[in-house]
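Report on the structure given below.
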Amino acid sequence: QTKTGIALLYDEVSENAYDIRLKLTKEVLTIQKQDVVCVSGSDHSANHRTVTLRRQPVGGLGLSIKGGAEHKVPVVISKIFKDQAADQTGMLFIGDAIIQVNGINVESATHEEVVHLLRNAGDEVTITVQYLREAPSFLRLPLGSPGPSSDHSSGASSPLFDSGLHLNGNSTNTAPSSPSSPIANEPKYEKRWLDTLSVPLSMARISRYKAGTDKLRSNAFEVLALDGVSTGILQFYTAQESADWLRAISTNISDLTLQNMKMANKCCSPSEQVIHMGWVNERLEGTDSSQLYKFKFLALKGSSFYIFSTPPVSTLDWVRAEKIYNLCEVLFKIHKLWPADDCWLQANLYLGIHQDFDLEDQRPYCFSVMVGHGKSHYFNVELGSELAVWEKSFQRAIFLEVQRTGSKTYMCSWQGDTLCFTVDFALGFTCFDSKTKNVLWRFKFSQLKGSSDDGKTRVKLLFQNLDTKQIETKELEFQDLTAVLHCIHSFIAAKVASVDPVFIDSQSIARKYMYSN
């Protein structure tokens with residue numbers, strides 16, 4: 001199914017926006033621009049058309065113009081009146097830039113200069129035109145056909161003046177002149193939407209933010225292909241339109257990612273399957289404590305959580321990850337959900353009306369992945385639905401890894417003795433002497449009643465003795481305490497999920513949020 005619609009392409013350098021048409025298929029987003037094409041006859045040059053107009057006693061040249069050098073745009077035809085001189089030629093279109101009038105170049109002429117030339121050019125006026133493909137939206141030119149019946153552009157009056165040349169002007173000849181009509185064998189022209197850029201959506205990413213900042217674009221976003229080709233900034237007329245397009249493009253990217261995962265999984269053993277992968281933004285702390293964001297590609301595969309700067313395309317790429325962590329030793333945490341629909345965030349969030357939010361930064365839909373040695377990665381995604389998928393995928397990947405692994409053993413020490421501490425899916429916790437292998441103590445998961453740690457290496461685990469009901473404290477010291485605590489958390493959560501899957505679902509923050517919306 002193909003989705004089409006009118007949008008604006010915003011140029012950050014000139015700060016102008018141009019009308020474009022978007023065409024979305026399952027695999028490609030295409031940007032189309034209007035142009036005039038020769039459809040029959042010998043085409044002298046579709047770029048430049050030279051047309052002779054005969055001024056009529058009623059209706060004059062039958063057109064209006066806008067623009068001029070003082071506005072940093074060429075003079076363009078802004079209206080063509082039906083059945084009058086310009087219309088009868090079949091060779092002139094709204095959006096045509098006037099290049100010459102009776103052989104005089106007017107490309108850098110002001111509006112008034114061109115009006116004067118056209119009004120005083122006599123009964124026969126020869127003009128050379130070229131269609132202006134990137135007419136700034138402030139000209140408010142109607143898009144004309146082909147296009148949707150609803151006309152965004154003509155909705156408001158332009159800051160630029162429309163000079164009507166459908167008045168008589170200075171005609172010396174008062175007798176009716178023969179109409180300007182196309183001659184046989186003259187080339188025929190039509191205005192059409194032409195493909196100018198196609199962005200493949202496989203492994204593509206979307207950004208609603210101004211590069212590297214927390215500034216959310218208003219009703220606008222950019223789509224970047226895997227090879228870095230960008231659509232440019234796509235701007236929409238309403239928040240609803242932008243949200244619809246954002247969702248539609250995101251859905252197609254997700255579907256293609258799913259296809260890529262299925263393909264990759266055909267070549268992988270059951271224990272090395274890809275559970276989920278996709279683009280996120282990672283927050284990097286700048287040297288001046290400013291917050292920078294960088295695109296990262298995350299993947300949950302087999303026993304590992306991967307962070308890439310570019311997606312893995314071949315089997316060899318998996319070893320090129322920037323970071324690889326064991327899934328049992330990471331902790332996923334949702335940080336930020338703003339209670340706004342997936343539409344655009346309303347201005348009051350920026351104006352600080354919702355002061356009860358802990359705004360670490362300006363971005364919604366954030367999660368962190370805490371890893372060993374107390375370190376963590378802070379990520380942000382574009383949509384609430386993506387956050388829900390990451391939450392569920394991390395749970396699933398961790399639970400699968402716990403069940404596959406069965407147990408994890410860590411070296412630890414207490415009071416000078418080197419010990420081993422094992423977390424086992426079936427047995428719970430076991431501590432034994434590393435040399436003699438003698439078991440010092442063993443407790444089930446259900447017996448763990450609490451824990452406290454010094455944030456460095458030392459932890460106290462509080463277990464309830466099943467016979468005496470007394471609490472027993474076991475103190476241990478680990479080289480990487482964070483990894484061990486995350487591992488305990490993973491095993492207990494997986495144990496609970498195996499006994500009561502509904503409970504785990506009921507704890508999902510992101511999914512609760514999605515359903516409430």
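Ligands are numbered from 1 in the order shown, chains are lettered A, B, ... in the order of the structure tokens, and residues start at 1 in each chain.
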Tell me, as a VMD selection string, which residues lie within 10 Å of A:Thr310, counting only C-alpha atoms; anything in the same chain fewer than 5 positions away does not count.
chain A and resid 203 226 to 227 279 295 to 298 317 320 to 322
I need the residues in stretch 194-316 of chain A that are helix (DSSP H, G or I) according to DSSP; give them as a PyMOL selection string.
chain A and resi 239-266+270-272+315-316
Could you save those same residues with N, CA and C atoms as a CSV table (one decimal), in the first residue's frame?
```
chain,number,residue,atom,x,y,z
A,239,ALA,N,0.1,19.2,13.2
A,239,ALA,CA,0.7,18.2,14.1
A,239,ALA,C,0.2,16.8,13.8
A,240,GLN,N,-1.1,16.7,13.4
A,240,GLN,CA,-1.7,15.4,13.1
A,240,GLN,C,-1.0,14.8,11.9
A,241,GLU,N,-0.8,15.6,10.8
A,241,GLU,CA,-0.2,15.1,9.6
A,241,GLU,C,1.2,14.6,9.9
A,242,SER,N,2.0,15.4,10.7
A,242,SER,CA,3.3,15.0,11.0
A,242,SER,C,3.4,13.7,11.8
A,243,ALA,N,2.4,13.6,12.8
A,243,ALA,CA,2.4,12.4,13.6
A,243,ALA,C,2.0,11.2,12.7
A,244,ASP,N,1.1,11.3,11.8
A,244,ASP,CA,0.6,10.2,10.9
A,244,ASP,C,1.8,9.7,10.1
A,245,TRP,N,2.5,10.7,9.5
A,245,TRP,CA,3.7,10.3,8.6
A,245,TRP,C,4.8,9.7,9.5
A,246,LEU,N,5.0,10.2,10.7
A,246,LEU,CA,6.1,9.7,11.5
A,246,LEU,C,5.8,8.2,11.8
A,247,ARG,N,4.5,8.0,12.2
A,247,ARG,CA,4.1,6.6,12.5
A,247,ARG,C,4.2,5.7,11.3
A,248,ALA,N,3.7,6.2,10.2
A,248,ALA,CA,3.7,5.3,9.0
A,248,ALA,C,5.2,4.9,8.6
A,249,ILE,N,6.1,5.9,8.6
A,249,ILE,CA,7.5,5.6,8.2
A,249,ILE,C,8.1,4.7,9.2
A,250,SER,N,7.9,5.0,10.5
A,250,SER,CA,8.5,4.2,11.6
A,250,SER,C,8.0,2.7,11.5
A,251,THR,N,6.7,2.6,11.2
A,251,THR,CA,6.1,1.2,11.1
A,251,THR,C,6.9,0.5,9.9
A,252,ASN,N,7.1,1.1,8.8
A,252,ASN,CA,7.7,0.5,7.7
A,252,ASN,C,9.2,0.1,8.0
A,253,ILE,N,9.9,1.0,8.7
A,253,ILE,CA,11.3,0.8,9.1
A,253,ILE,C,11.3,-0.4,10.0
A,254,SER,N,10.3,-0.5,11.0
A,254,SER,CA,10.3,-1.6,11.9
A,254,SER,C,10.0,-2.9,11.2
A,255,ASP,N,9.1,-2.9,10.3
A,255,ASP,CA,8.8,-4.1,9.5
A,255,ASP,C,10.0,-4.7,8.7
A,256,LEU,N,10.7,-3.7,8.1
A,256,LEU,CA,12.0,-4.1,7.4
A,256,LEU,C,13.0,-4.6,8.4
A,257,THR,N,13.1,-4.0,9.6
A,257,THR,CA,14.1,-4.5,10.6
A,257,THR,C,13.8,-5.9,11.0
A,258,LEU,N,12.5,-6.2,11.1
A,258,LEU,CA,12.0,-7.5,11.5
A,258,LEU,C,12.4,-8.5,10.4
A,259,GLN,N,12.2,-8.1,9.1
A,259,GLN,CA,12.7,-9.0,8.0
A,259,GLN,C,14.2,-9.3,8.1
A,260,ASN,N,14.9,-8.2,8.3
A,260,ASN,CA,16.4,-8.4,8.4
A,260,ASN,C,16.8,-9.3,9.5
A,261,MET,N,16.1,-9.2,10.7
A,261,MET,CA,16.3,-10.1,11.8
A,261,MET,C,16.0,-11.6,11.4
A,262,LYS,N,14.9,-11.8,10.8
A,262,LYS,CA,14.5,-13.2,10.4
A,262,LYS,C,15.6,-13.7,9.4
A,263,MET,N,16.1,-12.9,8.5
A,263,MET,CA,17.2,-13.3,7.6
A,263,MET,C,18.4,-13.7,8.4
A,264,ALA,N,18.8,-12.8,9.3
A,264,ALA,CA,20.0,-13.1,10.1
A,264,ALA,C,19.9,-14.3,11.0
A,265,ASN,N,18.7,-14.5,11.5
A,265,ASN,CA,18.4,-15.7,12.4
A,265,ASN,C,18.5,-17.0,11.7
A,266,LYS,N,18.3,-17.0,10.4
A,266,LYS,CA,18.3,-18.3,9.6
A,266,LYS,C,19.8,-18.8,9.6
A,270,PRO,N,20.2,-21.6,17.5
A,270,PRO,CA,19.1,-21.2,18.4
A,270,PRO,C,19.5,-20.3,19.6
A,271,SER,N,20.8,-20.6,20.0
A,271,SER,CA,21.3,-19.8,21.2
A,271,SER,C,21.9,-18.4,20.8
A,272,GLU,N,21.9,-18.2,19.5
A,272,GLU,CA,22.5,-16.9,19.0
A,272,GLU,C,21.5,-16.1,18.2
A,315,THR,N,27.7,-11.1,8.9
A,315,THR,CA,28.1,-11.8,10.1
A,315,THR,C,29.3,-11.3,10.7
A,316,LEU,N,30.3,-10.9,9.9
A,316,LEU,CA,31.6,-10.4,10.4
A,316,LEU,C,31.4,-9.1,11.2
```
Report as a PyMOL selection string: the residues of stretch 276-510 of chain A with a DSSP assignment of strand (DSSP E), based on the backbone of this structure.
chain A and resi 276-285+291-301+304-308+323-326+331-336+366-370+376-380+407-414+417-424+428-433+439-443+448-453+458-464+471-477
Find, counting only C-alpha atoms, the residue in A:Tyr410, A:Trp318, A:Trp193, A:Tyr18 that gets nearest to A:Leu481.
A:Tyr410
Listing only residues of stretch 401-508 of chain A within 12 Å of stretch 362-379 of chain A, what is the closest atom pair and its distance in Å (to one decimal) for each, using only C-alpha atoms, sorted by chain and residue number ascending, as JSON lines?
```
{"residue": "A:Asp454", "atom": "CA", "partner": "A:Gly374", "partner_atom": "CA", "distance": 11.9}
{"residue": "A:Gly455", "atom": "CA", "partner": "A:Gly374", "partner_atom": "CA", "distance": 8.2}
{"residue": "A:Lys456", "atom": "CA", "partner": "A:His373", "partner_atom": "CA", "distance": 8.3}
{"residue": "A:Thr457", "atom": "CA", "partner": "A:His373", "partner_atom": "CA", "distance": 9.3}
{"residue": "A:Phe478", "atom": "CA", "partner": "A:His373", "partner_atom": "CA", "distance": 10.5}
{"residue": "A:Gln479", "atom": "CA", "partner": "A:His373", "partner_atom": "CA", "distance": 8.5}
{"residue": "A:Asp480", "atom": "CA", "partner": "A:His373", "partner_atom": "CA", "distance": 5.5}
{"residue": "A:Leu481", "atom": "CA", "partner": "A:His373", "partner_atom": "CA", "distance": 6.9}
{"residue": "A:Thr482", "atom": "CA", "partner": "A:Gly372", "partner_atom": "CA", "distance": 5.2}
{"residue": "A:Ala483", "atom": "CA", "partner": "A:Gly372", "partner_atom": "CA", "distance": 4.6}
{"residue": "A:Val484", "atom": "CA", "partner": "A:Gly372", "partner_atom": "CA", "distance": 8.3}
{"residue": "A:Leu485", "atom": "CA", "partner": "A:Gly372", "partner_atom": "CA", "distance": 9.3}
{"residue": "A:His486", "atom": "CA", "partner": "A:Val371", "partner_atom": "CA", "distance": 8.0}
{"residue": "A:Cys487", "atom": "CA", "partner": "A:Gly372", "partner_atom": "CA", "distance": 10.1}
```
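Minimum distance to A:Thr126 across A:Lys460, A:His335, A:Arg49, A:Lys408 (counting only C-alpha atoms) occurs at A:Arg49.
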Counting only C-alpha atoms, which of A:Ile104, A:Leu53, A:Val115, A:Leu448 gets nearest to A:Thr89?
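That would be A:Leu53, the residue with the smallest distance to A:Thr89.
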Closest of A:Lys23, A:Lys392, A:Lys215, A:Arg205 to A:Ile275 - atom-to-atom distances counting only C-alpha atoms
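Nearest candidate to A:Ile275 out of A:Lys23, A:Lys392, A:Lys215, A:Arg205: A:Lys392.
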